[in-house]
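Below you'll find the structure, written out as structure tokens, and then a few comments.
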Amino acid sequence: MGYCCNVLRVWLMLLCVLPVAANAATTSGIPVGEMARIVAGLQPAPAGFAPEAKALFPAFAHDVSAQWDSYREKIGVLMANWACNEIESTPGETIFYPFSGPDLSSVNQFYPQAGRYIMVAMQRAGLPPSLDRQPVAELKRTLSAYRARWRFFARTGFFRTNDLDDFASRNEVTVSVTSQLMAFAVRLGYDVEAVEPVQISADGKDLVRVTENVNDLGAWNSVRLTLLKNGHRVILDYVRIDLSDSQLNKYPATRAFVEKAVANRMLVKAASHLLQKHYFSILRDAILAHAPSVVQDETGIEYAKLAAVFKTRLYGKFVKPHNLFQTNPQESLTQAYQNTRDIKPLTFRMGYDKSAGSAVVVATRGPAAATPARSCGGQQ
């Protein structure tokens, strides 16, 4: 996909994971489902660790659980209940979430009935964690890094690109996007059945399993998690893609994959206003032409372009973007909030912190379908 990757030889053999192998293992020999519970802070006394290492986990589990509970109370449950009442959803559908980072939580809360999530960002997915193979001092640093990630996400509901890039540049394999996706999955009530490296097929029609050099970090640019919940399997695909025009033009298979993905419902949040840039026109134009619906904050498609194609509903408040993005004023969105009378309130934080609060635009193509009847009890 056009990335220059330094191949790092893993010092322990990584077992090849089949998508239906419930007992598939990480390099440590601990099943991936159990390792997911460990990194999610759900195992205060995990098996398979030396006593000194095991002693680190009670405090880790307590801190992570506290952060997750705080996130659920202030953002997660409110977001899920709002979505249940305000946006359409079809059981088993595919949801496309570009510029996502490891944020499985948001897309799951908006679309909890999905059968497949396609998440795209620029960071390498990375290997599944093998915490019990780390010396105690290294494990302590790793758990501290996980705590920092949980703490920031609990407060904001998103990840900073700079933080994710920083971990990638330091090759901190155990603090990978893959590990964070695993942790989110179990916190959201899924069992993690399998984790495997994938790549875009030569024709761009879908993802295929990586079968060569699976012991190399370079094989883990993209990853598929097979999840199980209430007897239903859900596929989570995280794909490493640079979505800019230059890269999509350079790699036809990648462009074909993205243009197919936009035919699904979409979520865009905390996306650095990239879709308002002229050099993200391929993705933007494909969304405008093919997406059945888009839920976005102010960082998505420029409002005038969106409203020209979709029927829109506004929620929350918007005056101007975060100060980091003043070169992207979203003037048409400001005018829409000033001139629209039936704007509904928003009870949760969405995207970047701004003095006016959060803004959400729900864009649907054609007549709005009736929202399917479903329980809105906040199931996170």
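Chain lettering (A, B, ...) mirrors the order of the structure tokens, residue numbering begins at 1 for each chain separately, and ligand numbering begins at 1 in order of display.
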
Excluding Ile118 of chain A and any residue of its chain fewer than 5 positions from it, enumerate the residues within 7 Å of it, using only C-alpha atoms, and give them as an MDAnalysis selection string.
-> chainID A and resid 95:97 236:238

Residues from last step as file, N, CA and C atoms, as a compact mmCIF listing (two decimals), in the first residue's frame:
# COMPACT_ATOMS: atom_id res chain seq x y z
N ILE A 95 -20.21 -1.47 8.08
CA ILE A 95 -20.02 -0.05 8.36
C ILE A 95 -18.58 0.33 8.03
N PHE A 96 -18.39 1.43 7.34
CA PHE A 96 -17.07 1.92 6.95
C PHE A 96 -16.72 3.14 7.79
N TYR A 97 -15.55 3.09 8.42
CA TYR A 97 -15.11 4.14 9.33
C TYR A 97 -13.68 4.56 8.96
N LEU A 236 -14.18 -7.72 12.20
CA LEU A 236 -13.58 -6.39 12.35
C LEU A 236 -12.31 -6.34 11.50
N ASP A 237 -12.34 -5.53 10.47
CA ASP A 237 -11.17 -5.35 9.60
C ASP A 237 -10.58 -3.97 9.82
N TYR A 238 -9.31 -3.96 10.19
CA TYR A 238 -8.57 -2.70 10.29
C TYR A 238 -7.55 -2.71 9.15

Counting only C-alpha atoms, what is within 10 Å of Arg349 of chain A, bar same-chain residues fewer than 2 positions away, as a PDB file with N, CA and C atoms, in the first residue's frame?
ATOM      1  N   LYS A  74     -19.891   9.016  30.708  1.00  0.00           N
ATOM      2  CA  LYS A  74     -19.866  10.366  30.151  1.00  0.00           C
ATOM      3  C   LYS A  74     -20.071  10.413  28.641  1.00  0.00           C
ATOM      4  N   ILE A  75     -19.719   9.321  27.936  1.00  0.00           N
ATOM      5  CA  ILE A  75     -19.788   9.334  26.476  1.00  0.00           C
ATOM      6  C   ILE A  75     -20.510   8.100  25.934  1.00  0.00           C
ATOM      7  N   GLY A  76     -20.022   6.916  26.280  1.00  0.00           N
ATOM      8  CA  GLY A  76     -20.428   5.699  25.590  1.00  0.00           C
ATOM      9  C   GLY A  76     -21.903   5.381  25.618  1.00  0.00           C
ATOM     10  N   LEU A  78     -24.426   7.303  26.512  1.00  0.00           N
ATOM     11  CA  LEU A  78     -25.188   8.412  25.924  1.00  0.00           C
ATOM     12  C   LEU A  78     -25.127   8.359  24.398  1.00  0.00           C
ATOM     13  N   MET A  79     -23.949   8.049  23.865  1.00  0.00           N
ATOM     14  CA  MET A  79     -23.778   7.932  22.419  1.00  0.00           C
ATOM     15  C   MET A  79     -24.626   6.792  21.867  1.00  0.00           C
ATOM     16  N   ARG A 155     -11.449  10.267  28.372  1.00  0.00           N
ATOM     17  CA  ARG A 155     -11.763  11.688  28.487  1.00  0.00           C
ATOM     18  C   ARG A 155     -12.269  12.285  27.181  1.00  0.00           C
ATOM     19  N   THR A 156     -11.734  11.820  26.028  1.00  0.00           N
ATOM     20  CA  THR A 156     -12.006  12.471  24.757  1.00  0.00           C
ATOM     21  C   THR A 156     -12.881  11.664  23.808  1.00  0.00           C
ATOM     22  N   GLY A 157     -12.805  10.328  23.885  1.00  0.00           N
ATOM     23  CA  GLY A 157     -13.536   9.496  22.945  1.00  0.00           C
ATOM     24  C   GLY A 157     -12.850   9.339  21.607  1.00  0.00           C
ATOM     25  N   GLY A 316     -26.630  19.234  18.309  1.00  0.00           N
ATOM     26  CA  GLY A 316     -25.628  19.919  19.105  1.00  0.00           C
ATOM     27  C   GLY A 316     -25.457  21.365  18.706  1.00  0.00           C
ATOM     28  N   LEU A 346     -27.441  17.549  21.847  1.00  0.00           N
ATOM     29  CA  LEU A 346     -26.526  16.411  21.869  1.00  0.00           C
ATOM     30  C   LEU A 346     -26.037  16.262  23.306  1.00  0.00           C
ATOM     31  N   THR A 347     -26.164  15.075  23.855  1.00  0.00           N
ATOM     32  CA  THR A 347     -25.855  14.885  25.271  1.00  0.00           C
ATOM     33  C   THR A 347     -24.470  14.298  25.520  1.00  0.00           C
ATOM     34  N   GLY A 351     -15.844  14.026  19.062  1.00  0.00           N
ATOM     35  CA  GLY A 351     -14.706  14.640  18.407  1.00  0.00           C
ATOM     36  C   GLY A 351     -13.978  15.647  19.281  1.00  0.00           C
ATOM     37  N   TYR A 352     -13.387  16.644  18.633  1.00  0.00           N
ATOM     38  CA  TYR A 352     -12.501  17.576  19.314  1.00  0.00           C
ATOM     39  C   TYR A 352     -13.266  18.517  20.253  1.00  0.00           C
ATOM     40  N   ASP A 353     -12.627  18.883  21.334  1.00  0.00           N
ATOM     41  CA  ASP A 353     -13.222  19.757  22.342  1.00  0.00           C
ATOM     42  C   ASP A 353     -13.279  21.175  21.810  1.00  0.00           C
ATOM     43  N   LYS A 354     -14.455  21.791  21.823  1.00  0.00           N
ATOM     44  CA  LYS A 354     -14.639  23.160  21.357  1.00  0.00           C
ATOM     45  C   LYS A 354     -15.521  23.894  22.349  1.00  0.00           C
ATOM     46  N   GLY A 357     -19.167  23.219  22.242  1.00  0.00           N
ATOM     47  CA  GLY A 357     -19.586  21.842  22.446  1.00  0.00           C
ATOM     48  C   GLY A 357     -19.439  21.038  21.167  1.00  0.00           C
ATOM     49  N   SER A 358     -20.158  19.938  21.073  1.00  0.00           N
ATOM     50  CA  SER A 358     -20.022  19.021  19.948  1.00  0.00           C
ATOM     51  C   SER A 358     -21.128  19.211  18.928  1.00  0.00           C
ATOM     52  N   ALA A 359     -20.815  18.822  17.691  1.00  0.00           N
ATOM     53  CA  ALA A 359     -21.770  18.904  16.595  1.00  0.00           C
ATOM     54  C   ALA A 359     -21.781  17.581  15.845  1.00  0.00           C
ATOM     55  N   VAL A 360     -22.964  17.129  15.474  1.00  0.00           N
ATOM     56  CA  VAL A 360     -23.115  15.923  14.662  1.00  0.00           C
ATOM     57  C   VAL A 360     -24.066  16.232  13.515  1.00  0.00           C
TER      58      VAL A 360
END

Mind checking DSSP for segment 188-345 of chain A and telling me the strand (DSSP E) residues as a ChimeraX atom specification?
-> /A:191-200,207-209,222-229,232-240,265-268,293-296,311-316

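When atom CA of Glu138 of chain A is paired with atom CA of Gln180 of chain A, their separation reads 18.0 Å.
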
Using the chain letters and numbers from this document, which residues of segment 177-252 of chain A does DSSP assign to alpha helix (DSSP H), as an mmCIF file with C-alpha atoms, in the first residue's frame?
data_model
loop_
_atom_site.group_PDB
_atom_site.id
_atom_site.type_symbol
_atom_site.label_atom_id
_atom_site.label_comp_id
_atom_site.auth_asym_id
_atom_site.auth_seq_id
_atom_site.Cartn_x
_atom_site.Cartn_y
_atom_site.Cartn_z
ATOM 1 C CA VAL A 177 -3.449 -0.961 17.136
ATOM 2 C CA THR A 178 -4.230 -4.683 17.112
ATOM 3 C CA SER A 179 -3.917 -4.929 20.880
ATOM 4 C CA GLN A 180 -6.161 -1.913 21.408
ATOM 5 C CA LEU A 181 -8.794 -3.330 19.062
ATOM 6 C CA MET A 182 -8.692 -6.598 21.005
ATOM 7 C CA ALA A 183 -9.165 -4.747 24.281
ATOM 8 C CA PHE A 184 -12.069 -2.666 22.968
ATOM 9 C CA ALA A 185 -13.753 -5.772 21.574
ATOM 10 C CA VAL A 186 -13.928 -7.574 24.909
ATOM 11 C CA ARG A 187 -14.947 -4.408 26.755
ATOM 12 C CA ASP A 245 -5.444 11.210 -3.737
ATOM 13 C CA SER A 246 -1.794 10.639 -4.600
ATOM 14 C CA GLN A 247 -1.700 7.269 -2.843
ATOM 15 C CA LEU A 248 -5.079 6.060 -4.103
ATOM 16 C CA ASN A 249 -4.051 6.942 -7.655
ATOM 17 C CA LYS A 250 -0.750 5.137 -7.173
ATOM 18 C CA PRO A 252 -5.410 0.909 -8.123
#

If you take only C-alpha atoms and a cut-off of 7 Å, which residues of segment 97-191 of chain A touch segment 214-224 of chain A, and what are their nearest atom pairs and distances in Å to one decimal, in chain and number order, as CSV?
residue,atom,partner,partner_atom,distance
A:Arg124,CA,A:Asn221,CA,4.5
A:Ala125,CA,A:Asn221,CA,5.1
A:Gly126,CA,A:Trp220,CA,5.1
A:Leu127,CA,A:Trp220,CA,6.2

Saved selection, atoms kept: N, CA and C atoms, as a tab-separated table (two decimals), in the first residue's frame:
chain	number	residue	atom	x	y	z
A	124	ARG	N	0.27	1.18	11.17
A	124	ARG	CA	0.34	-0.27	11.06
A	124	ARG	C	-0.47	-0.92	12.18
A	125	ALA	N	-1.19	-2.00	11.88
A	125	ALA	CA	-1.97	-2.69	12.90
A	125	ALA	C	-1.06	-3.28	13.97
A	126	GLY	N	-0.03	-4.00	13.57
A	126	GLY	CA	0.92	-4.57	14.52
A	126	GLY	C	0.48	-5.93	15.04
A	127	LEU	N	1.41	-6.57	15.73
A	127	LEU	CA	1.20	-7.92	16.24
A	127	LEU	C	0.27	-7.95	17.45

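Of the listed residues (A:Pro135, A:Pro91, A:Pro98, A:Gly115), A:Pro135 comes nearest to Glu52 of chain A; the distances count only C-alpha atoms.
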
Determine the nearest neighbour of Glu331 of chain A from the options A:Phe110, A:Trp68, A:Phe318, A:Phe49, counting only C-alpha atoms.
->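 For Glu331 of chain A, the nearest of the given residues is A:Phe318.
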